[in-house]
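Trainee: For reference, this is model00.txt, and it has compact mmCIF, C-alpha atoms and all ligand atoms.
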# COMPACT_ATOMS: atom_id res chain seq x y z
CA MET K 1499 6.57 -80.06 -39.50
CA ALA K 1500 3.98 -77.58 -38.16
CA GLY K 1501 2.99 -76.66 -41.72
CA ASP K 1502 2.54 -80.26 -42.88
CA ASP K 1503 -1.02 -81.39 -43.41
CA ASP K 1504 -2.35 -84.35 -41.45
CA ALA K 1505 -2.31 -86.74 -44.42
CA ALA K 1506 1.38 -86.00 -45.03
CA LEU K 1507 2.19 -86.58 -41.35
CA VAL K 1508 0.27 -89.89 -41.41
CA ARG K 1509 2.14 -90.96 -44.55
CA ARG K 1510 5.48 -90.14 -42.95
CA SER K 1511 4.49 -91.94 -39.73
CA LEU K 1512 3.72 -95.03 -41.81
CA GLU K 1513 7.18 -94.75 -43.34
CA GLY K 1514 8.65 -94.94 -39.84
CA ASP K 1515 9.11 -91.24 -39.04
CA ALA K 1516 8.44 -91.12 -35.27
CA GLY K 1517 8.69 -87.32 -35.30
CA ALA K 1518 5.76 -87.09 -37.72
CA PHE K 1519 3.49 -89.03 -35.37
CA GLY K 1520 4.73 -86.87 -32.49
CA ALA K 1521 3.61 -83.81 -34.47
CA LEU K 1522 0.12 -85.32 -34.85
CA VAL K 1523 -0.02 -85.97 -31.09
CA ASP K 1524 1.02 -82.35 -30.41
CA ARG K 1525 -1.61 -81.09 -32.83
CA TYR K 1526 -4.53 -83.08 -31.39
CA ARG K 1527 -3.64 -83.68 -27.74
CA ARG K 1528 -5.85 -80.81 -26.50
CA PRO K 1529 -9.12 -81.70 -28.28
CA VAL K 1530 -8.65 -85.42 -27.52
CA PHE K 1531 -7.88 -84.73 -23.86
CA THR K 1532 -10.76 -82.22 -23.57
CA LEU K 1533 -13.24 -84.71 -25.01
CA ALA K 1534 -11.98 -87.43 -22.65
CA LEU K 1535 -12.07 -85.07 -19.65
CA ARG K 1536 -15.60 -83.88 -20.40
CA MET K 1537 -16.77 -87.46 -20.90
CA LEU K 1538 -14.98 -89.09 -17.95
CA LYS K 1539 -14.88 -86.10 -15.55
CA ASN K 1540 -11.60 -87.44 -14.20
CA ARG K 1541 -8.22 -85.92 -15.14
CA ALA K 1542 -6.05 -88.97 -14.59
CA GLY K 1543 -8.52 -91.21 -16.41
CA ALA K 1544 -8.87 -88.70 -19.25
CA GLU K 1545 -5.10 -88.45 -19.69
CA ASP K 1546 -4.76 -92.22 -19.74
CA VAL K 1547 -7.61 -92.73 -22.21
CA ALA K 1548 -6.35 -89.88 -24.43
CA GLN K 1549 -2.94 -91.58 -24.57
CA ASP K 1550 -4.67 -94.89 -25.31
CA ALA K 1551 -6.45 -93.22 -28.22
CA PHE K 1552 -3.16 -92.12 -29.79
CA VAL K 1553 -1.51 -95.49 -29.21
CA LYS K 1554 -4.51 -97.23 -30.79
CA ALA K 1555 -4.55 -94.78 -33.71
CA HIS K 1556 -0.85 -95.43 -34.29
CA GLY K 1557 -1.49 -99.17 -34.49
CA ARG K 1558 -4.21 -98.58 -37.10
CA LEU K 1559 -2.62 -95.81 -39.17
CA ASP K 1560 -2.66 -98.07 -42.23
CA ARG K 1561 -6.47 -98.08 -42.00
CA TYR K 1562 -6.77 -94.29 -41.79
CA ASP K 1563 -8.60 -92.79 -44.79
CA PRO K 1564 -6.64 -89.68 -45.88
CA GLY K 1565 -9.87 -88.27 -47.33
CA ARG K 1566 -11.14 -87.88 -43.77
CA SER K 1567 -10.08 -85.43 -41.10
CA PHE K 1568 -7.46 -86.94 -38.79
CA GLY K 1569 -8.95 -84.88 -35.95
CA THR K 1570 -12.37 -86.46 -36.37
CA TRP K 1571 -10.84 -89.91 -36.68
CA ILE K 1572 -8.81 -89.64 -33.47
CA LEU K 1573 -11.78 -88.08 -31.64
CA THR K 1574 -13.96 -91.00 -32.76
CA ILE K 1575 -11.39 -93.46 -31.36
CA ALA K 1576 -11.19 -91.47 -28.11
CA SER K 1577 -14.97 -91.25 -27.78
CA ARG K 1578 -15.39 -95.01 -28.17
CA LEU K 1579 -12.66 -95.66 -25.60
CA CYS K 1580 -14.40 -93.27 -23.18
CA LEU K 1581 -17.77 -94.97 -23.66
CA ASP K 1582 -16.08 -98.28 -22.97
CA VAL K 1583 -14.49 -96.92 -19.78
CA LEU K 1584 -17.84 -95.45 -18.68
CA ARG K 1585 -19.52 -98.82 -19.25
CA ARG K 1586 -16.94 -100.55 -17.06
CA GLY K 1587 -16.80 -97.72 -14.50
CA ARG K 1588 -13.01 -97.81 -14.50
CA TRP K 1589 -9.95 -97.44 -16.73
CA HIS K 1590 -6.84 -99.55 -16.29
CA GLY K 1591 -5.23 -96.90 -14.07
CA GLY K 1592 -8.05 -96.88 -11.50
CA SER K 1593 -11.69 -96.27 -10.76
CA LEU K 1594 -13.54 -93.27 -12.17
CA ASP K 1595 -14.67 -92.41 -8.63
CA ASP K 1596 -11.10 -91.78 -7.43
CA GLU K 1597 -11.02 -88.16 -8.56
CA ASP K 1598 -7.89 -86.43 -7.38
CA ALA K 1599 -7.86 -83.37 -9.62
CA PRO K 1600 -9.79 -80.10 -9.34
CA ASP K 1601 -12.72 -81.12 -11.46
CA THR K 1602 -16.37 -80.40 -10.84
CA GLY K 1603 -17.43 -83.76 -9.41
CA GLY K 1604 -20.12 -86.22 -10.47
CA PRO K 1605 -23.65 -85.47 -11.61
CA ALA K 1606 -25.64 -83.14 -9.34
CA ASP K 1607 -23.04 -83.18 -6.56
CA PRO K 1608 -24.86 -81.36 -3.71
CA GLU K 1609 -21.66 -80.34 -1.88
CA PRO K 1610 -18.88 -79.45 -4.32
CA GLY K 1611 -15.40 -79.09 -2.79
CA PRO K 1612 -13.67 -75.72 -2.30
CA GLU K 1613 -11.70 -76.03 -5.54
CA ALA K 1614 -14.82 -76.91 -7.51
CA ARG K 1615 -16.55 -73.88 -5.96
CA ALA K 1616 -13.65 -71.65 -7.01
CA ILE K 1617 -13.87 -72.94 -10.57
CA ALA K 1618 -17.62 -72.55 -10.61
CA ARG K 1619 -17.22 -68.83 -9.83
CA ASP K 1620 -16.26 -67.95 -13.35
CA ARG K 1621 -18.52 -68.38 -16.29
CA SER K 1622 -16.52 -71.07 -18.03
CA GLY K 1623 -16.47 -73.05 -14.77
CA ARG K 1624 -20.25 -72.85 -14.53
CA VAL K 1625 -20.71 -74.00 -18.12
CA ARG K 1626 -18.24 -76.83 -17.54
CA GLU K 1627 -20.08 -77.87 -14.42
CA ALA K 1628 -23.40 -77.86 -16.26
CA VAL K 1629 -21.98 -79.92 -19.13
CA ASP K 1630 -20.54 -82.39 -16.62
CA ARG K 1631 -24.00 -82.88 -15.15
CA LEU K 1632 -25.52 -84.01 -18.45
CA PRO K 1633 -26.13 -87.73 -18.98
CA GLU K 1634 -23.03 -89.19 -20.65
CA ARG K 1635 -24.31 -89.61 -24.21
CA GLN K 1636 -25.93 -86.15 -24.28
CA ARG K 1637 -22.68 -84.77 -22.87
CA ALA K 1638 -20.63 -86.51 -25.55
CA ALA K 1639 -22.95 -85.30 -28.33
CA VAL K 1640 -22.94 -81.68 -27.09
CA VAL K 1641 -19.14 -81.59 -26.69
CA MET K 1642 -18.44 -83.19 -30.07
CA ARG K 1643 -20.97 -81.03 -31.90
CA HIS K 1644 -20.44 -77.66 -30.23
CA LEU K 1645 -16.87 -77.78 -28.96
CA MET K 1646 -15.20 -80.03 -31.55
CA ASP K 1647 -17.33 -78.83 -34.51
CA MET K 1648 -18.00 -82.38 -35.65
CA SER K 1649 -20.87 -82.99 -38.10
CA TYR K 1650 -23.86 -85.00 -36.89
CA LYS K 1651 -22.75 -87.84 -39.16
CA GLU K 1652 -19.37 -87.88 -37.39
CA VAL K 1653 -20.97 -87.62 -33.94
CA ALA K 1654 -23.27 -90.50 -34.85
CA GLU K 1655 -20.30 -92.60 -35.94
CA ALA K 1656 -18.34 -91.81 -32.78
CA LEU K 1657 -21.28 -92.73 -30.56
CA ASP K 1658 -22.27 -95.68 -32.73
CA VAL K 1659 -25.85 -94.43 -33.10
CA PRO K 1660 -28.02 -93.34 -36.08
CA VAL K 1661 -27.66 -89.69 -37.19
CA GLY K 1662 -31.20 -88.90 -35.96
CA THR K 1663 -30.26 -90.16 -32.48
CA ALA K 1664 -27.12 -87.99 -32.47
CA LYS K 1665 -29.27 -84.93 -33.31
CA THR K 1666 -31.77 -85.81 -30.58
CA LEU K 1667 -29.01 -86.33 -27.99
CA ALA K 1668 -27.46 -82.94 -28.78
CA TYR K 1669 -30.85 -81.23 -28.73
CA GLN K 1670 -31.80 -82.83 -25.39
CA GLY K 1671 -28.40 -81.85 -24.00
CA ARG K 1672 -28.83 -78.24 -25.08
CA ARG K 1673 -32.29 -78.02 -23.52
CA ALA K 1674 -30.96 -79.46 -20.24
CA LEU K 1675 -28.02 -77.04 -20.33
CA GLU K 1676 -30.32 -74.11 -20.91
CA GLU K 1677 -32.25 -75.00 -17.77
CA MET K 1678 -29.01 -75.34 -15.77
CA LEU K 1679 -27.59 -72.04 -17.07
CA PRO K 1680 -30.18 -69.37 -16.49
CA GLY K 1681 -29.20 -66.09 -18.10
CA ALA K 1682 -26.05 -67.62 -19.56
CA ASP K 1683 -25.99 -65.14 -22.42
CA GLU K 1684 -26.86 -62.10 -20.40
CA GLU K 1685 -23.41 -61.49 -18.89
CA MET H 1081 -44.35 -79.21 -22.09
CA ARG H 1082 -41.92 -77.25 -24.27
CA PRO H 1083 -42.54 -77.38 -28.01
CA GLU H 1084 -40.09 -79.61 -29.88
CA PRO H 1085 -38.14 -78.58 -32.98
CA CYS H 1086 -38.28 -80.30 -36.37
CA MET H 1087 -35.13 -82.48 -36.51
CA ASP H 1088 -34.80 -81.90 -40.27
CA TRP H 1089 -34.20 -78.21 -39.59
CA ILE H 1090 -31.72 -78.67 -36.70
CA GLU H 1091 -28.52 -78.06 -38.68
CA GLU H 1092 -29.94 -74.94 -40.32
CA LEU H 1093 -31.15 -73.68 -36.96
CA GLU H 1094 -27.63 -74.17 -35.54
CA ALA H 1095 -26.06 -72.34 -38.47
CA ALA H 1096 -28.55 -69.50 -38.09
CA ALA H 1097 -27.87 -69.16 -34.34
CA ASP H 1098 -25.16 -66.61 -35.03
CA GLU H 1099 -26.16 -65.33 -38.43
CA ARG H 1100 -29.27 -64.26 -40.30
CA PRO H 1101 -31.63 -67.21 -41.13
CA SER H 1102 -32.18 -68.07 -44.80
CA THR H 1103 -35.47 -67.00 -46.39
CA GLU H 1104 -36.77 -70.59 -46.23
CA LEU H 1105 -35.83 -70.97 -42.56
CA ALA H 1106 -37.37 -67.59 -41.75
CA ALA H 1107 -40.60 -68.70 -43.43
CA HIS H 1108 -40.51 -71.98 -41.46
CA LEU H 1109 -39.82 -70.17 -38.18
CA ALA H 1110 -42.85 -67.96 -38.76
CA THR H 1111 -45.09 -71.04 -38.61
CA CYS H 1112 -43.23 -73.41 -36.22
CA GLU H 1113 -43.17 -72.75 -32.50
CA GLY H 1114 -40.79 -75.68 -31.75
CA CYS H 1115 -38.10 -74.37 -34.11
CA ARG H 1116 -38.52 -70.83 -32.74
CA GLU H 1117 -38.00 -72.18 -29.22
CA GLU H 1118 -34.97 -74.19 -30.38
CA MET H 1119 -33.50 -71.11 -32.04
CA ARG H 1120 -33.81 -69.24 -28.73
CA VAL H 1121 -32.16 -72.15 -26.81
CA LEU H 1122 -29.38 -72.40 -29.40
CA ARG H 1123 -28.57 -68.68 -29.18
CA ARG H 1124 -28.25 -68.91 -25.40
CA VAL H 1125 -26.49 -72.28 -25.10
CA ALA H 1126 -24.17 -72.05 -28.11
CA GLY H 1127 -22.91 -68.73 -26.73
CA ALA H 1128 -22.33 -70.26 -23.31
CA LEU H 1129 -20.57 -73.30 -24.79
CA GLY H 1130 -18.22 -70.91 -26.56
CA ALA H 1131 -16.80 -70.12 -23.11
CA LEU H 1132 -15.85 -73.76 -22.64
CA ALA H 1133 -12.10 -73.87 -23.13
CA MET H 1134 -9.96 -76.66 -24.57
CA GLU H 1135 -8.12 -78.33 -21.71
CA ASP H 1136 -4.38 -78.96 -21.81
CA PRO H 1137 -3.09 -82.35 -20.69
CA GLY H 1138 0.36 -80.88 -20.04
CA MET H 1139 3.59 -80.80 -21.99
CA ASP H 1140 4.70 -84.29 -20.97
CA PHE H 1141 1.63 -85.81 -22.65
CA SER H 1142 3.26 -86.24 -26.07
CA ALA H 1143 6.41 -87.71 -24.50
CA ALA H 1144 4.24 -90.18 -22.56
CA VAL H 1145 2.53 -91.30 -25.80
CA VAL H 1146 5.90 -91.79 -27.52
CA GLN H 1147 7.12 -93.76 -24.49
CA ARG H 1148 4.06 -96.02 -24.63
CA LEU H 1149 4.63 -96.57 -28.35
CA GLU H 1150 8.23 -97.55 -27.67
CA ARG H 1151 7.04 -100.14 -25.16
CA SER H 1152 4.40 -101.44 -27.57
CA PRO H 1153 5.62 -104.56 -29.44
CA SER H 1154 3.76 -103.57 -32.62
CA THR H 1155 5.98 -100.55 -33.22
CA SER H 1156 9.20 -102.30 -34.21
CA TRP H 1157 10.35 -99.14 -36.04
CA LEU H 1158 10.65 -97.50 -32.65
CA ALA H 1159 12.58 -100.36 -31.08
CA PRO H 1160 16.14 -100.43 -32.44
CA ALA H 1161 16.88 -103.75 -30.70
CA ALA H 1162 13.95 -105.44 -32.42
CA LEU H 1163 15.02 -103.92 -35.73
CA LEU H 1164 18.59 -105.17 -35.25
CA LEU H 1165 17.38 -108.69 -34.42
CA ALA H 1166 15.02 -108.78 -37.40
CA GLY H 1167 17.77 -107.44 -39.67
CA GLY H 1168 20.23 -110.07 -38.39
CA ALA H 1169 17.82 -112.95 -38.95
CA GLY H 1170 16.87 -111.68 -42.41
CA GLY H 1171 20.52 -111.21 -43.36
CA SER H 1172 21.45 -114.73 -42.25
CA ALA H 1173 18.56 -116.26 -44.22
CA ALA H 1174 19.52 -114.27 -47.32
CA LEU H 1175 23.19 -115.34 -47.02
CA ALA H 1176 22.18 -119.01 -46.67
CA ALA H 1177 19.92 -118.73 -49.71
CA VAL H 1178 22.66 -117.10 -51.79
CA CYS H 1179 25.08 -119.94 -50.81
CA VAL H 1180 22.55 -122.61 -51.87
CA VAL H 1181 21.89 -120.95 -55.24
CA GLY H 1182 25.59 -120.33 -55.78
CA LEU H 1183 26.40 -123.99 -55.10
CA TRP H 1184 23.60 -125.05 -57.45
CA LEU H 1185 24.83 -122.81 -60.30
CA TRP H 1186 28.45 -123.86 -59.77
CA LEU H 1187 27.91 -127.65 -59.63
CA GLY H 1188 24.92 -128.03 -61.99
CA THR H 1189 21.75 -130.08 -61.39
CA GLU H 1190 23.26 -133.42 -62.57
CA ARG H 1191 26.17 -133.38 -60.10
CA ILE H 1192 23.87 -132.22 -57.29
CA VAL H 1193 21.54 -135.20 -57.95
CA THR H 1194 24.53 -137.61 -57.98
CA ALA H 1195 25.83 -136.09 -54.72
CA LEU H 1196 22.38 -136.40 -53.15
CA GLY H 1197 22.34 -140.09 -54.19
CA PHE H 1198 25.64 -140.68 -52.33
CA ILE H 1199 24.36 -138.76 -49.31
CA ALA H 1200 21.13 -140.83 -49.38
CA ALA H 1201 23.13 -144.08 -49.36
CA ASP H 1202 25.29 -142.82 -46.46
CA VAL H 1203 22.32 -141.54 -44.44
CA SER H 1204 20.50 -144.87 -45.04
CA GLY H 1205 23.61 -146.69 -43.75
CA MET H 1206 23.71 -144.41 -40.69
CA VAL H 1207 20.02 -144.91 -39.95
CA SER H 1208 20.40 -148.63 -40.40
CA THR H 1209 23.35 -148.70 -37.90
CA LEU H 1210 21.39 -146.59 -35.40
CA LEU H 1211 18.30 -148.79 -35.68
CA ASP H 1212 20.33 -152.04 -35.61
CA PRO H 1213 19.40 -152.99 -32.01
CA LEU H 1214 15.69 -152.49 -32.86
CA PRO H 1215 13.62 -154.99 -34.89
CA VAL H 1216 13.34 -152.67 -37.93
CA PRO H 1217 13.66 -154.23 -41.42
CA GLU H 1218 16.54 -153.05 -43.66
CA LEU H 1219 14.07 -151.62 -46.20
CA ALA H 1220 12.59 -149.24 -43.55
CA SER H 1221 16.08 -147.84 -42.80
CA VAL H 1222 16.61 -147.12 -46.50
CA GLY H 1223 13.14 -145.48 -46.63
CA ILE H 1224 13.92 -143.22 -43.64
CA GLY H 1225 17.30 -142.25 -45.14
CA LEU H 1226 15.70 -141.40 -48.49
CA ALA H 1227 12.96 -139.37 -46.73
CA ILE H 1228 15.59 -137.30 -44.85
CA VAL H 1229 17.53 -136.59 -48.06
CA ALA H 1230 14.31 -135.78 -49.98
CA ALA H 1231 13.38 -133.28 -47.25
CA MET H 1232 16.85 -131.69 -47.48
CA ALA H 1233 16.60 -131.44 -51.28
CA GLY H 1234 13.08 -130.00 -50.99
CA ALA H 1235 14.29 -127.32 -48.60
CA MET H 1236 17.17 -126.47 -50.98
CA VAL H 1237 14.81 -126.18 -53.96
CA ALA H 1238 12.41 -123.97 -51.97
CA LEU H 1239 15.26 -121.70 -50.87
CA ALA H 1240 16.60 -121.50 -54.42
CA LYS H 1241 13.15 -120.57 -55.76
CA MET H 1242 12.72 -117.87 -53.09
CA THR H 1243 16.11 -116.38 -53.88
CA SER H 1244 15.69 -116.49 -57.65
CA ALA H 1245 12.24 -114.88 -57.29
CA THR H 1246 13.69 -111.98 -55.32
CA ARG H 1247 16.81 -111.61 -57.49
CA GLY H 1248 15.35 -112.42 -60.92
CA LEU H 1249 17.64 -115.49 -61.32
CA THR H 1250 16.63 -118.86 -62.68
CA PRO H 1251 18.82 -121.86 -61.77
CA ARG H 1252 20.02 -123.61 -64.92
ZN ZN K 1701 -40.04 -76.62 -37.14
As structure tokens - that is how I would like this structure written.

Mentor:
Amino acid sequence: MAGDDDAALVRRSLEGDAGAFGALVDRYRRPVFTLALRMLKNRAGAEDVAQDAFVKAHGRLDRYDPGRSFGTWILTIASRLCLDVLRRGRWHGGSLDDEDAPDTGGPADPEPGPEARAIARDRSGRVREAVDRLPERQRAAVVMRHLMDMSYKEVAEALDVPVGTAKTLAYQGRRALEEMLPGADEE
Amino acid sequence: MRPEPCMDWIEELEAAADERPSTELAAHLATCEGCREEMRVLRRVAGALGALAMEDPGMDFSAAVVQRLERSPSTSWLAPAALLLAGGAGGSAALAAVCVVGLWLWLGTERIVTALGFIAADVSGMVSTLLDPLPVPELASVGIGLAIVAAMAGAMVALAKMTSATRGLTPR
């Protein structure tokens, strides 16, 4: 199962093989959850939306184009669900403000909690905190482009914007990150 | 105000952030301050973003997705009860259709039509008896009886056609 390519797993899922879809979930749960967590900044919400993305993808497997990467397809579904949740300010499990996990808080939080401070001590924590402070669409573009290795065309599709806008969002995000991360490359 | 990069060069700038720029890009960089600045930003930020790890939702994540799919009504292949019900209904319909076609082939069209005529007369008589207390003319009772029998015959023909289409049989 681990050696099967995504198209084969999709084909088997369509034939009713529940194990094949489970293998796809195992393969993509981390990128989908990471994207949702970076976009929503809320662990419980991210887990719920990431699950939603897989459930939705399963219901639309017959529309999946095998010529496309399954990873990009599921990330596009997840990204759109996240944008929808951000628009509403809540997912069906609760409000985005009810953060109960050790995340880095909302934008420009002046007094991060002790756990957030502990995370921020290491470099990855600082980068994560900086990314979390970006405006949501810049954040999404930066994460999809630089963490998920999606093309600008794919980022544009996921954010439902023209390709030029996707490039601008990522560029603006990078510039903002650079200002928040002085000397990031000098360690 | 920081100089802005040329958006047409963005993807090449990103690719060149961790490798040597192409000759064309190098020539462009020599004349464009915005792209030089963007190259500097990319080298710093792309490196920092590399430290951003993939997060793990936990091992029970996949099980939770499967559980949600099982609860979802659209995934009948995951719900054995639904499958059993669907199979039962389909099987019953197929059996009924086979009986109708079998009867048709055994008796022949002529005898079926004669039998339907008798049934029509009987049903008309029944309808007429039922409607006796009401001021309904005799002709209307016959009409209702014929309509009921025509509907029954129509249903039989439709079933026979469906079955012959799926089994490659044509009623003689
Ligand atoms: Zn330029």

Trainee: Which residue is closest to ligand ZN 1701 (chain K)? Choose from H:Arg1082, H:Arg1116, H:Arg1151, H:Arg1191 and count only C-alpha atoms and all ligand atoms.

Mentor: H:Arg1116

Trainee: Restrict the distance test to all atoms listed in the file, flag each residue of chain K within 8 Å of chain H, and return the flagged residues as JSON, numbers by chain.

Mentor: {"K": [1514, 1516, 1520, 1523, 1524, 1527, 1528, 1529, 1531, 1532, 1545, 1549, 1552, 1553, 1557, 1621, 1622, 1623, 1625, 1626, 1644, 1645, 1662, 1665, 1666, 1672, 1673, 1675, 1676, 1681, 1682, 1683]}

Trainee: What residues have any atom no more than 6 Å from ligand ZN 1701 (chain K) when counting only C-alpha atoms and all ligand atoms, and can you list them as a list in words?

Mentor: Pro1085, Cys1086, Cys1112, Gly1114 and Cys1115 of chain H

Trainee: Between CA of Glu1092 in chain H and CA of Ala1656 in chain K, what is the distance in Å, rounded to a tenth?

Mentor: 21.8 Å

Trainee: When you draw a straight line from CA of Ala1628 in chain K to CA of Ala1674 in chain K, how long is it in Å?

Mentor: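 We find that CA of Ala1628 in chain K and CA of Ala1674 in chain K lie 8.7 Å from each other.
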